[in-house]
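Structure file input.txt with compact mmCIF, C-alpha atoms:
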```txt
# COMPACT_ATOMS: atom_id res chain seq x y z
CA MET A 1 -47.47 -55.05 -49.43
CA ASN A 2 -47.21 -58.74 -48.54
CA GLU A 3 -48.24 -60.07 -45.17
CA PRO A 4 -44.95 -59.77 -43.21
CA GLN A 5 -44.53 -56.25 -44.57
CA GLU A 6 -48.06 -55.34 -43.52
CA GLN A 7 -47.45 -56.74 -40.06
CA MET A 8 -44.24 -54.77 -39.74
CA ASP A 9 -46.02 -51.69 -41.02
CA LEU A 10 -48.57 -52.11 -38.23
CA GLU A 11 -45.88 -52.71 -35.59
CA LEU A 12 -44.00 -49.60 -36.68
CA ARG A 13 -47.16 -47.51 -36.65
CA ARG A 14 -47.95 -48.68 -33.10
CA LEU A 15 -44.41 -48.05 -31.92
CA CYS A 16 -44.18 -44.60 -33.46
CA ALA A 17 -47.66 -43.56 -32.30
CA SER A 18 -46.56 -44.22 -28.73
CA LEU A 19 -43.40 -42.15 -29.20
CA GLY A 20 -45.28 -38.91 -29.90
CA ARG A 21 -44.24 -36.11 -32.28
CA PRO A 22 -41.36 -34.04 -30.92
CA ALA A 23 -41.15 -30.31 -31.61
CA LEU A 24 -38.53 -27.62 -31.13
CA SER A 25 -38.57 -26.05 -27.69
CA PRO A 26 -39.67 -22.39 -27.31
CA GLN A 27 -36.10 -21.44 -26.29
CA PHE A 28 -34.70 -22.64 -29.60
CA GLY A 29 -34.77 -19.21 -31.26
CA ILE A 30 -33.22 -17.42 -28.28
CA LEU A 31 -30.39 -19.93 -27.91
CA LEU A 32 -29.71 -19.87 -31.64
CA GLN A 33 -29.58 -16.07 -31.59
CA GLN A 34 -27.02 -16.21 -28.76
CA ARG A 35 -24.88 -18.62 -30.74
CA LEU A 36 -25.13 -16.48 -33.85
CA ASP A 37 -24.09 -13.41 -31.87
CA GLN A 38 -21.05 -15.29 -30.58
CA GLU A 39 -20.21 -16.36 -34.13
CA LYS A 40 -20.47 -12.76 -35.35
CA GLN A 41 -18.12 -11.59 -32.58
CA ARG A 42 -15.67 -14.34 -33.53
CA GLN A 43 -15.79 -13.30 -37.19
CA VAL A 44 -15.17 -9.66 -36.28
CA ALA A 45 -12.15 -10.69 -34.17
CA VAL A 46 -10.78 -12.85 -36.99
CA ARG A 47 -11.17 -10.01 -39.51
CA ARG A 48 -9.44 -7.60 -37.14
CA ARG A 49 -6.49 -10.01 -36.69
CA LEU A 50 -6.33 -10.52 -40.44
CA ARG A 51 -6.18 -6.77 -41.09
CA LEU A 52 -3.48 -6.45 -38.45
CA MET A 53 -1.41 -9.18 -40.08
CA GLN A 54 -1.88 -7.61 -43.51
CA ALA A 55 -0.64 -4.27 -42.20
CA TYR A 56 2.27 -6.05 -40.51
CA TRP A 57 3.37 -7.83 -43.68
CA LEU A 58 3.05 -4.70 -45.79
CA THR A 59 5.33 -2.90 -43.35
CA ILE A 60 7.82 -5.77 -43.52
CA CYS A 61 7.82 -5.69 -47.31
CA ALA A 62 8.29 -1.93 -47.38
CA ALA A 63 11.15 -2.19 -44.85
CA SER A 64 12.83 -4.97 -46.86
CA LEU A 65 12.59 -2.94 -50.05
CA TYR A 66 14.02 0.07 -48.27
CA ILE A 67 17.01 -1.97 -46.98
CA LEU A 68 17.65 -3.39 -50.44
CA TRP A 69 17.48 0.06 -51.97
CA SER A 70 19.91 1.45 -49.35
CA TRP A 71 22.41 -1.32 -50.11
CA MET A 72 22.23 -0.70 -53.81
CA ARG A 73 22.77 3.02 -53.26
CA ALA A 74 25.65 2.63 -50.78
CA GLY A 75 27.35 -0.27 -52.61
CA GLU A 76 28.64 -1.62 -49.29
CA PRO A 77 26.19 -4.25 -48.05
CA LEU A 78 27.99 -5.20 -44.84
CA SER A 79 28.47 -1.94 -43.01
CA SER A 80 27.52 -1.98 -39.31
CA ILE A 81 24.34 0.10 -39.69
CA GLN A 82 23.09 -2.09 -42.45
CA LEU A 83 23.85 -5.20 -40.36
CA ALA A 84 21.70 -3.79 -37.60
CA LEU A 85 18.95 -3.10 -40.10
CA LEU A 86 19.31 -6.62 -41.48
CA GLY A 87 19.10 -8.09 -37.98
CA ALA A 88 16.00 -6.07 -37.16
CA GLY A 89 14.37 -6.98 -40.46
CA GLY A 90 15.26 -10.65 -40.00
CA SER A 91 13.77 -10.72 -36.51
CA LEU A 92 10.60 -9.15 -37.80
CA LEU A 93 10.38 -11.85 -40.46
CA VAL A 94 11.18 -14.77 -38.16
CA LEU A 95 8.97 -13.69 -35.30
CA PRO A 96 5.62 -14.15 -37.09
CA LEU A 97 6.83 -17.50 -38.44
CA ALA A 98 7.58 -18.65 -34.89
CA VAL A 99 4.17 -17.39 -33.75
CA LEU A 100 2.52 -19.20 -36.65
CA LEU A 101 4.31 -22.48 -35.91
CA ARG A 102 3.43 -22.20 -32.26
CA GLY A 103 -0.17 -21.47 -33.18
CA LEU A 104 -0.26 -24.58 -35.36
CA ARG A 105 1.57 -26.55 -32.68
CA LEU A 106 4.25 -27.62 -35.15
CA SER A 107 7.95 -27.89 -34.50
CA LEU A 108 10.29 -26.36 -37.06
CA MET A 109 12.07 -29.69 -37.67
CA ASP A 110 8.77 -31.46 -38.36
CA LEU A 111 7.93 -28.80 -40.87
CA VAL A 112 11.35 -29.07 -42.59
CA PHE A 113 11.38 -32.88 -42.73
CA GLY A 114 7.72 -33.02 -43.65
CA THR A 115 8.43 -30.73 -46.59
CA LEU A 116 11.46 -32.80 -47.67
CA ASP A 117 9.36 -35.96 -47.55
CA GLY A 118 6.70 -34.40 -49.77
CA LEU A 119 4.50 -33.92 -46.67
CA HIS A 120 3.71 -37.64 -46.55
CA LEU A 121 4.97 -38.00 -42.98
CA PRO A 122 2.44 -37.14 -40.33
CA LEU A 123 3.62 -34.03 -38.55
CA ARG A 124 4.38 -34.59 -34.91
CA LYS A 125 2.55 -32.20 -32.66
CA SER A 126 4.80 -30.56 -30.14
CA SER A 127 3.49 -30.57 -26.60
CA MET B 1 -36.50 -1.55 -45.89
CA ALA B 2 -35.10 -5.07 -45.99
CA SER B 3 -37.26 -6.01 -43.00
CA VAL B 4 -40.37 -4.82 -44.82
CA GLN B 5 -39.35 -6.87 -47.86
CA THR B 6 -38.82 -9.89 -45.62
CA TRP B 7 -42.18 -9.41 -43.98
CA LEU B 8 -43.89 -9.12 -47.36
CA LEU B 9 -42.07 -12.22 -48.58
CA ASP B 10 -43.14 -14.12 -45.45
CA GLN B 11 -46.74 -13.05 -45.94
CA HIS B 12 -46.58 -14.12 -49.54
CA LEU B 13 -45.10 -17.49 -48.55
CA ALA B 14 -47.62 -17.98 -45.78
CA ALA B 15 -50.40 -17.44 -48.29
CA LEU B 16 -48.78 -19.79 -50.74
CA ALA B 17 -47.72 -22.49 -48.32
CA PRO B 18 -49.78 -22.74 -45.16
CA ASP B 19 -48.82 -26.40 -44.90
CA HIS B 20 -45.28 -27.14 -43.66
CA SER B 21 -44.97 -30.04 -46.05
CA ILE B 22 -44.88 -27.67 -49.02
CA ALA B 23 -41.28 -26.75 -49.71
CA PRO B 24 -40.27 -23.11 -50.30
CA SER B 25 -39.32 -22.34 -53.86
CA ARG B 26 -35.75 -22.39 -55.05
CA ALA B 27 -35.92 -18.90 -56.52
CA GLU B 28 -37.15 -17.35 -53.26
CA ASP B 29 -34.40 -19.02 -51.28
CA ALA B 30 -31.75 -17.92 -53.77
CA ALA B 31 -33.05 -14.35 -53.60
CA LEU B 32 -32.99 -14.42 -49.79
CA VAL B 33 -29.44 -15.79 -49.70
CA ARG B 34 -28.21 -13.22 -52.23
CA GLU B 35 -29.85 -10.39 -50.33
CA PHE B 36 -28.44 -11.61 -47.02
CA LEU B 37 -24.91 -11.86 -48.42
CA ARG B 38 -25.23 -8.36 -49.87
CA THR B 39 -26.72 -6.62 -46.83
CA GLY B 40 -25.85 -8.91 -43.90
CA ASP B 41 -29.37 -8.30 -42.59
CA ASP B 42 -30.10 -10.64 -39.66
CA ASP B 43 -33.83 -10.67 -40.44
CA LEU B 44 -33.15 -12.32 -43.77
CA PHE B 45 -31.12 -15.06 -42.16
CA GLY B 46 -33.86 -15.37 -39.54
CA THR B 47 -36.37 -15.96 -42.32
CA LEU B 48 -34.22 -18.75 -43.73
CA VAL B 49 -33.92 -20.30 -40.27
CA ARG B 50 -37.66 -20.13 -39.59
CA ARG B 51 -38.37 -21.62 -42.96
CA TYR B 52 -36.13 -24.62 -42.48
CA GLN B 53 -35.72 -25.19 -38.73
CA ASP B 54 -38.51 -27.78 -38.46
CA ARG B 55 -37.32 -29.75 -41.44
CA VAL B 56 -33.71 -29.78 -40.26
CA PHE B 57 -34.93 -30.79 -36.80
CA ARG B 58 -36.83 -33.73 -38.29
CA LEU B 59 -33.81 -34.69 -40.34
CA ALA B 60 -31.64 -34.62 -37.22
CA LEU B 61 -34.15 -36.73 -35.31
CA SER B 62 -34.32 -39.25 -38.12
CA VAL B 63 -30.57 -39.73 -37.84
CA LEU B 64 -30.18 -39.56 -34.06
CA GLY B 65 -33.37 -41.47 -33.26
CA PRO B 66 -36.01 -41.32 -30.51
CA GLY B 67 -34.92 -40.11 -27.09
CA MET B 68 -32.34 -37.72 -28.53
CA GLU B 69 -34.59 -34.69 -28.94
CA ALA B 70 -32.44 -32.36 -26.83
CA GLU B 71 -29.29 -33.39 -28.68
CA ALA B 72 -31.08 -32.95 -32.03
CA GLU B 73 -32.12 -29.43 -31.07
CA ASP B 74 -28.59 -28.56 -30.05
CA LEU B 75 -27.37 -29.99 -33.33
CA VAL B 76 -29.86 -27.93 -35.36
CA GLN B 77 -28.46 -24.79 -33.71
CA GLU B 78 -24.93 -25.87 -34.58
CA ILE B 79 -25.99 -26.52 -38.16
CA PHE B 80 -27.47 -23.04 -38.56
CA VAL B 81 -24.34 -21.46 -37.09
CA GLN B 82 -22.33 -23.47 -39.62
CA VAL B 83 -24.66 -22.29 -42.39
CA PHE B 84 -24.16 -18.69 -41.23
CA ARG B 85 -20.40 -19.24 -41.43
CA LYS B 86 -20.40 -21.05 -44.76
CA LEU B 87 -23.15 -19.28 -46.64
CA GLU B 88 -20.60 -17.32 -48.67
CA SER B 89 -19.36 -20.62 -50.11
CA PHE B 90 -22.86 -21.46 -51.38
CA ARG B 91 -22.57 -20.93 -55.11
CA GLY B 92 -26.15 -21.64 -56.06
CA GLU B 93 -25.31 -24.62 -58.28
CA SER B 94 -27.89 -26.67 -56.38
CA SER B 95 -30.90 -25.33 -54.54
CA PHE B 96 -30.35 -23.84 -51.10
CA SER B 97 -32.57 -26.51 -49.54
CA ALA B 98 -30.55 -29.37 -51.11
CA TRP B 99 -27.31 -27.72 -49.95
CA LEU B 100 -28.68 -27.23 -46.45
CA TYR B 101 -30.07 -30.77 -46.17
CA ARG B 102 -26.82 -32.32 -47.40
CA LEU B 103 -24.77 -30.28 -44.94
CA SER B 104 -27.24 -31.13 -42.16
CA TYR B 105 -27.36 -34.84 -42.94
CA ASN B 106 -23.56 -35.14 -42.94
CA ARG B 107 -23.32 -33.17 -39.71
CA CYS B 108 -26.01 -35.38 -38.14
CA LEU B 109 -24.21 -38.56 -39.15
CA ASP B 110 -21.01 -37.24 -37.55
CA ARG B 111 -22.91 -36.48 -34.35
CA ARG B 112 -24.59 -39.88 -34.41
CA ARG B 113 -21.20 -41.58 -34.54
CA GLN B 114 -20.08 -39.60 -31.51
CA ALA B 115 -23.39 -40.12 -29.72
CA ARG B 116 -23.39 -43.84 -30.49
CA TRP B 117 -19.96 -44.08 -28.98
CA ARG B 118 -21.32 -42.50 -25.82
CA HIS B 119 -24.74 -44.26 -25.83
CA PRO B 120 -24.33 -47.52 -27.73
CA HIS B 121 -27.84 -48.83 -26.95
CA VAL B 122 -31.38 -47.54 -27.20
CA SER B 123 -31.68 -45.06 -24.37
CA GLU B 124 -34.10 -45.39 -21.47
CA SER B 125 -35.50 -41.98 -22.29
CA ALA B 126 -36.51 -43.31 -25.69
CA LEU B 127 -38.79 -45.74 -23.90
CA GLU B 128 -40.32 -43.25 -21.51
CA GLY B 129 -43.17 -42.44 -23.84
CA LEU B 130 -43.90 -46.05 -24.57
CA THR B 131 -45.53 -47.03 -21.34
CA ASP B 132 -49.28 -46.69 -21.18
CA PRO B 133 -50.45 -47.88 -17.73
CA ARG B 134 -54.13 -47.77 -18.70
CA ARG B 135 -53.59 -50.34 -21.39
CA HIS B 136 -51.22 -52.53 -19.38
CA ALA B 137 -52.43 -52.66 -15.81
CA ASN B 138 -50.55 -55.87 -15.27
CA PRO B 139 -46.85 -55.07 -14.59
CA VAL B 140 -45.68 -58.29 -16.22
CA GLU B 141 -47.65 -57.53 -19.34
CA MET B 142 -46.34 -53.96 -19.33
CA THR B 143 -42.74 -55.15 -19.01
CA ALA B 144 -43.21 -57.59 -21.89
CA HIS B 145 -44.81 -54.85 -23.95
CA ASN B 146 -41.92 -52.47 -23.27
CA GLU B 147 -39.39 -55.16 -24.03
CA ARG B 148 -41.08 -55.79 -27.35
CA ARG B 149 -40.93 -52.09 -28.17
CA ARG B 150 -37.31 -51.88 -27.07
CA GLN B 151 -36.42 -54.75 -29.41
CA LEU B 152 -38.13 -53.08 -32.34
CA LEU B 153 -36.43 -49.75 -31.60
CA ALA B 154 -33.08 -51.52 -31.40
CA LEU B 155 -33.75 -53.18 -34.77
CA VAL B 156 -34.62 -49.82 -36.32
CA ASP B 157 -31.49 -48.36 -34.76
CA ASP B 158 -29.35 -51.06 -36.41
CA LEU B 159 -30.64 -50.37 -39.92
CA PRO B 160 -28.30 -48.73 -42.47
CA ASP B 161 -28.30 -44.90 -42.20
CA LEU B 162 -30.61 -44.08 -45.08
CA GLN B 163 -33.11 -46.86 -44.34
CA ARG B 164 -33.31 -45.84 -40.69
CA SER B 165 -33.90 -42.22 -41.65
CA VAL B 166 -36.60 -43.18 -44.14
CA ILE B 167 -38.41 -45.35 -41.57
CA LEU B 168 -38.27 -42.74 -38.81
CA LEU B 169 -39.26 -39.85 -41.08
CA HIS B 170 -42.19 -41.78 -42.45
CA TYR B 171 -43.56 -43.55 -39.40
CA TRP B 172 -42.44 -41.39 -36.51
CA LEU B 173 -42.31 -37.91 -37.96
CA GLY B 174 -45.21 -38.42 -40.34
CA LEU B 175 -43.62 -37.31 -43.61
CA SER B 176 -44.94 -38.51 -46.94
CA VAL B 177 -42.61 -40.39 -49.28
CA CYS B 178 -42.26 -37.30 -51.52
CA ASP B 179 -41.41 -35.01 -48.58
CA LEU B 180 -38.87 -37.36 -47.05
CA ALA B 181 -37.28 -37.91 -50.48
CA GLY B 182 -36.84 -34.13 -50.76
CA LEU B 183 -35.33 -33.97 -47.30
CA LEU B 184 -32.87 -36.76 -48.01
CA ASP B 185 -32.14 -35.48 -51.52
CA ILE B 186 -33.17 -38.75 -53.18
CA ARG B 187 -35.87 -39.63 -55.70
CA PRO B 188 -39.30 -40.67 -54.40
CA GLY B 189 -38.86 -44.06 -56.12
CA THR B 190 -35.58 -44.58 -54.28
CA ALA B 191 -37.22 -43.57 -51.00
CA LYS B 192 -40.01 -46.11 -51.58
CA SER B 193 -37.44 -48.78 -52.32
CA HIS B 194 -35.55 -47.95 -49.09
CA LEU B 195 -38.81 -48.06 -47.18
CA PHE B 196 -39.66 -51.46 -48.64
CA ARG B 197 -36.20 -52.89 -47.96
CA ALA B 198 -36.12 -51.51 -44.43
CA ARG B 199 -39.48 -53.12 -43.62
CA GLN B 200 -38.29 -56.36 -45.16
CA THR B 201 -35.09 -56.35 -43.08
CA LEU B 202 -37.00 -55.45 -39.92
CA SER B 203 -39.59 -58.11 -40.57
CA SER B 204 -37.06 -60.90 -41.06
CA ARG B 205 -34.96 -59.83 -38.05
CA TRP B 206 -38.09 -59.44 -35.95
CA THR B 207 -39.24 -62.96 -36.88
CA GLU B 208 -35.77 -64.32 -36.10
CA GLY B 209 -35.84 -62.57 -32.74
CA VAL B 210 -39.29 -63.90 -31.87
CA GLY B 211 -38.23 -67.40 -33.02
CA HIS B 212 -35.21 -67.35 -30.69
CA GLU B 213 -37.32 -66.45 -27.65
```

File written out as structure tokens:
Amino acid sequence: MNEPQEQMDLELRRLCASLGRPALSPQFGILLQQRLDQEKQRQVAVRRRLRLMQAYWLTICAASLYILWSWMRAGEPLSSIQLALLGAGGSLLVLPLAVLLRGLRLSLMDLVFGTLDGLHLPLRKSS
Amino acid sequence: MASVQTWLLDQHLAALAPDHSIAPSRAEDAALVREFLRTGDDDLFGTLVRRYQDRVFRLALSVLGPGMEAEAEDLVQEIFVQVFRKLESFRGESSFSAWLYRLSYNRCLDRRRQARWRHPHVSESALEGLTDPRRHANPVEMTAHNERRRQLLALVDDLPDLQRSVILLHYWLGLSVCDLAGLLDIRPGTAKSHLFRARQTLSSRWTEGVGHE
């Protein structure tokens, strides 16, 4: 080390000696455990919601297949009962999409135009 | 059963590495991570935390700087929660320690940017430990002494990220060049070069500062 470096080395040693060596507080482990417990609870809740959504979509798929199969068997796709079934099925499909968009705070138009633009436009967050 | 294994592993490690500066082996970490992902045993994760908490704390302090001990501790907790969340994505391509240190360092830099926005200057609390009334009975002398220290701390604070971390890890937190290189995931030669350049920068800025006074 040359002289200015040595001097700086000394200055830094003096400065840092006066700062003292910090250590983790005794509560560190307890607080971390609390945070980890919260994280575990969050993960359990997420998994539960995921399973619920999986069950929901499986039901939707099964219902859609059933409607399609009924149409093919009856050969008359626009009878009143089938329209009611179609409406119910459609609502079931649209509802989760609306919930999803609301959860993501996206408006439907932003999503449509964003897709048309190759998603280059920043999506406007609805209030 | 897993707890007994963990205890035995800890005993083995304690015998092997009584000094904190000796890093745990890559194979042991990988085995612990695998076992934790398989069983979800909290004790295994606890072992990983105990093994690395001091090092991650030092890393956080080297990024956040003196006077930010409470924030660094909070950050270390956040980092371990993030590790708990992301451990499944650890594929073992690098060592667990390198993965953890990289994740920690990036997280610390993010926090520093936020903290710097809130506290743009060297905090008063950073200077609390600097005053030694026995050595500076004269208040004027003490003020000058503190001012000098404050200037040096501010100069250290203004260094580039890696240089600042190297300086603080070496001088403040007492790590050897090899240990701090491991913590920052750089080669010891590179760490030495950062140390040299940081001292050089500090020295020239310090001289400029003294010349202006």

>> With distances taken over only C-alpha atoms, which residue among B:Phe90, B:Tyr52, B:Trp99, B:Trp172 lies nearest chain A?
In response: B:Trp172

Distance-based interface of chain B with chain A, 10 Å, counting all atoms listed in the file, as a PDB file with C-alpha atoms, in the frame of the given file:
```pdb
ATOM      1  CA  ASP B  42     -30.100 -10.640 -39.660  1.00  0.00           C
ATOM      2  CA  GLY B  46     -33.860 -15.370 -39.540  1.00  0.00           C
ATOM      3  CA  VAL B  49     -33.920 -20.300 -40.270  1.00  0.00           C
ATOM      4  CA  ARG B  50     -37.660 -20.130 -39.590  1.00  0.00           C
ATOM      5  CA  GLN B  53     -35.720 -25.190 -38.730  1.00  0.00           C
ATOM      6  CA  ASP B  54     -38.510 -27.780 -38.460  1.00  0.00           C
ATOM      7  CA  PHE B  57     -34.930 -30.790 -36.800  1.00  0.00           C
ATOM      8  CA  ARG B  58     -36.830 -33.730 -38.290  1.00  0.00           C
ATOM      9  CA  LEU B  61     -34.150 -36.730 -35.310  1.00  0.00           C
ATOM     10  CA  PRO B  66     -36.010 -41.320 -30.510  1.00  0.00           C
ATOM     11  CA  GLY B  67     -34.920 -40.110 -27.090  1.00  0.00           C
ATOM     12  CA  GLU B  69     -34.590 -34.690 -28.940  1.00  0.00           C
ATOM     13  CA  ALA B  70     -32.440 -32.360 -26.830  1.00  0.00           C
ATOM     14  CA  ALA B  72     -31.080 -32.950 -32.030  1.00  0.00           C
ATOM     15  CA  GLU B  73     -32.120 -29.430 -31.070  1.00  0.00           C
ATOM     16  CA  ASP B  74     -28.590 -28.560 -30.050  1.00  0.00           C
ATOM     17  CA  VAL B  76     -29.860 -27.930 -35.360  1.00  0.00           C
ATOM     18  CA  GLN B  77     -28.460 -24.790 -33.710  1.00  0.00           C
ATOM     19  CA  GLU B  78     -24.930 -25.870 -34.580  1.00  0.00           C
ATOM     20  CA  PHE B  80     -27.470 -23.040 -38.560  1.00  0.00           C
ATOM     21  CA  VAL B  81     -24.340 -21.460 -37.090  1.00  0.00           C
ATOM     22  CA  GLN B  82     -22.330 -23.470 -39.620  1.00  0.00           C
ATOM     23  CA  PHE B  84     -24.160 -18.690 -41.230  1.00  0.00           C
ATOM     24  CA  ARG B  85     -20.400 -19.240 -41.430  1.00  0.00           C
ATOM     25  CA  ALA B 126     -36.510 -43.310 -25.690  1.00  0.00           C
ATOM     26  CA  LEU B 127     -38.790 -45.740 -23.900  1.00  0.00           C
ATOM     27  CA  GLU B 128     -40.320 -43.250 -21.510  1.00  0.00           C
ATOM     28  CA  GLY B 129     -43.170 -42.440 -23.840  1.00  0.00           C
ATOM     29  CA  LEU B 130     -43.900 -46.050 -24.570  1.00  0.00           C
ATOM     30  CA  THR B 131     -45.530 -47.030 -21.340  1.00  0.00           C
ATOM     31  CA  ASP B 132     -49.280 -46.690 -21.180  1.00  0.00           C
ATOM     32  CA  ARG B 148     -41.080 -55.790 -27.350  1.00  0.00           C
ATOM     33  CA  ARG B 149     -40.930 -52.090 -28.170  1.00  0.00           C
ATOM     34  CA  ARG B 150     -37.310 -51.880 -27.070  1.00  0.00           C
ATOM     35  CA  LEU B 152     -38.130 -53.080 -32.340  1.00  0.00           C
ATOM     36  CA  LEU B 153     -36.430 -49.750 -31.600  1.00  0.00           C
ATOM     37  CA  VAL B 156     -34.620 -49.820 -36.320  1.00  0.00           C
ATOM     38  CA  ILE B 167     -38.410 -45.350 -41.570  1.00  0.00           C
ATOM     39  CA  LEU B 168     -38.270 -42.740 -38.810  1.00  0.00           C
ATOM     40  CA  HIS B 170     -42.190 -41.780 -42.450  1.00  0.00           C
ATOM     41  CA  TYR B 171     -43.560 -43.550 -39.400  1.00  0.00           C
ATOM     42  CA  TRP B 172     -42.440 -41.390 -36.510  1.00  0.00           C
ATOM     43  CA  LEU B 173     -42.310 -37.910 -37.960  1.00  0.00           C
ATOM     44  CA  GLY B 174     -45.210 -38.420 -40.340  1.00  0.00           C
ATOM     45  CA  PHE B 196     -39.660 -51.460 -48.640  1.00  0.00           C
ATOM     46  CA  ARG B 197     -36.200 -52.890 -47.960  1.00  0.00           C
ATOM     47  CA  ALA B 198     -36.120 -51.510 -44.430  1.00  0.00           C
ATOM     48  CA  ARG B 199     -39.480 -53.120 -43.620  1.00  0.00           C
ATOM     49  CA  GLN B 200     -38.290 -56.360 -45.160  1.00  0.00           C
ATOM     50  CA  THR B 201     -35.090 -56.350 -43.080  1.00  0.00           C
ATOM     51  CA  LEU B 202     -37.000 -55.450 -39.920  1.00  0.00           C
ATOM     52  CA  SER B 203     -39.590 -58.110 -40.570  1.00  0.00           C
ATOM     53  CA  SER B 204     -37.060 -60.900 -41.060  1.00  0.00           C
ATOM     54  CA  TRP B 206     -38.090 -59.440 -35.950  1.00  0.00           C
ATOM     55  CA  THR B 207     -39.240 -62.960 -36.880  1.00  0.00           C
TER      56      THR B 207
END
```

> Quick one: of B:Arg112, B:His145, B:Arg187, B:Lys192, who's nearest to B:Val166, counting all atoms listed in the file?
Replying inline: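 Going through B:Arg112, B:His145, B:Arg187, B:Lys192 one by one, the smallest distance to B:Val166 is for B:Lys192.
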
> So how far away is atom CA of B:Leu155 from atom CA of B:Arg55, in Å?
Replying inline: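 About the pair atom CA of B:Arg55 and atom CA of B:Leu155: they are 24.6 Å apart.
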
>> Just the number, please: distance in Å from atom CA of B:Glu93 to atom CA of B:Ser176, one decimal.
In response: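 Going from atom CA of B:Glu93 over to atom CA of B:Ser176, I get 26.6 Å.
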
> Nearest to B:Val177 among B:Leu162, B:Asp157, B:Lys86, B:Leu195, with distances taken over all atoms listed in the file: which residue is it?
Replying inline: B:Leu195

> What does the distance between atom CA of B:Leu180 and atom CA of B:Arg26 come to in Å, to one decimal place?
Replying inline: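 A separation of 17.3 Å between them.
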
> Within 12 Å of A:Cys61, counting all atoms listed in the file, which residues qualify if same-chain residues fewer than 4 places away don't, as a list in words?
Replying inline: Gln54, Ala55, Tyr56, Trp57, Leu65, Tyr66, Ile67, Leu68, Gly89, Gly90, Leu92 and Leu93 of chain A

>> Taking 3 positions as the minimum chain separation for residues in the same chain, which residues sit within 12 Å of B:Leu87 when counting only C-alpha atoms? Answer as a count of residues only.
In response: 24

Around all the atoms of stretch 58-76 of chain B listed in the file, with 8 Å of room on each side, what axis-aligned box do you get, giving centre and edge lengths in Å to one decimal, as AutoDock Vina command-line options?
```
--center_x -32.1 --center_y -34.7 --center_z -33.6 --size_x 25.5 --size_y 29.5 --size_z 29.5
```

> Hey, which of A:Met53, A:Val44, A:Ala63, A:Ile30 ends up closest to A:Val99? Count only C-alpha atoms.
Replying inline: A:Met53
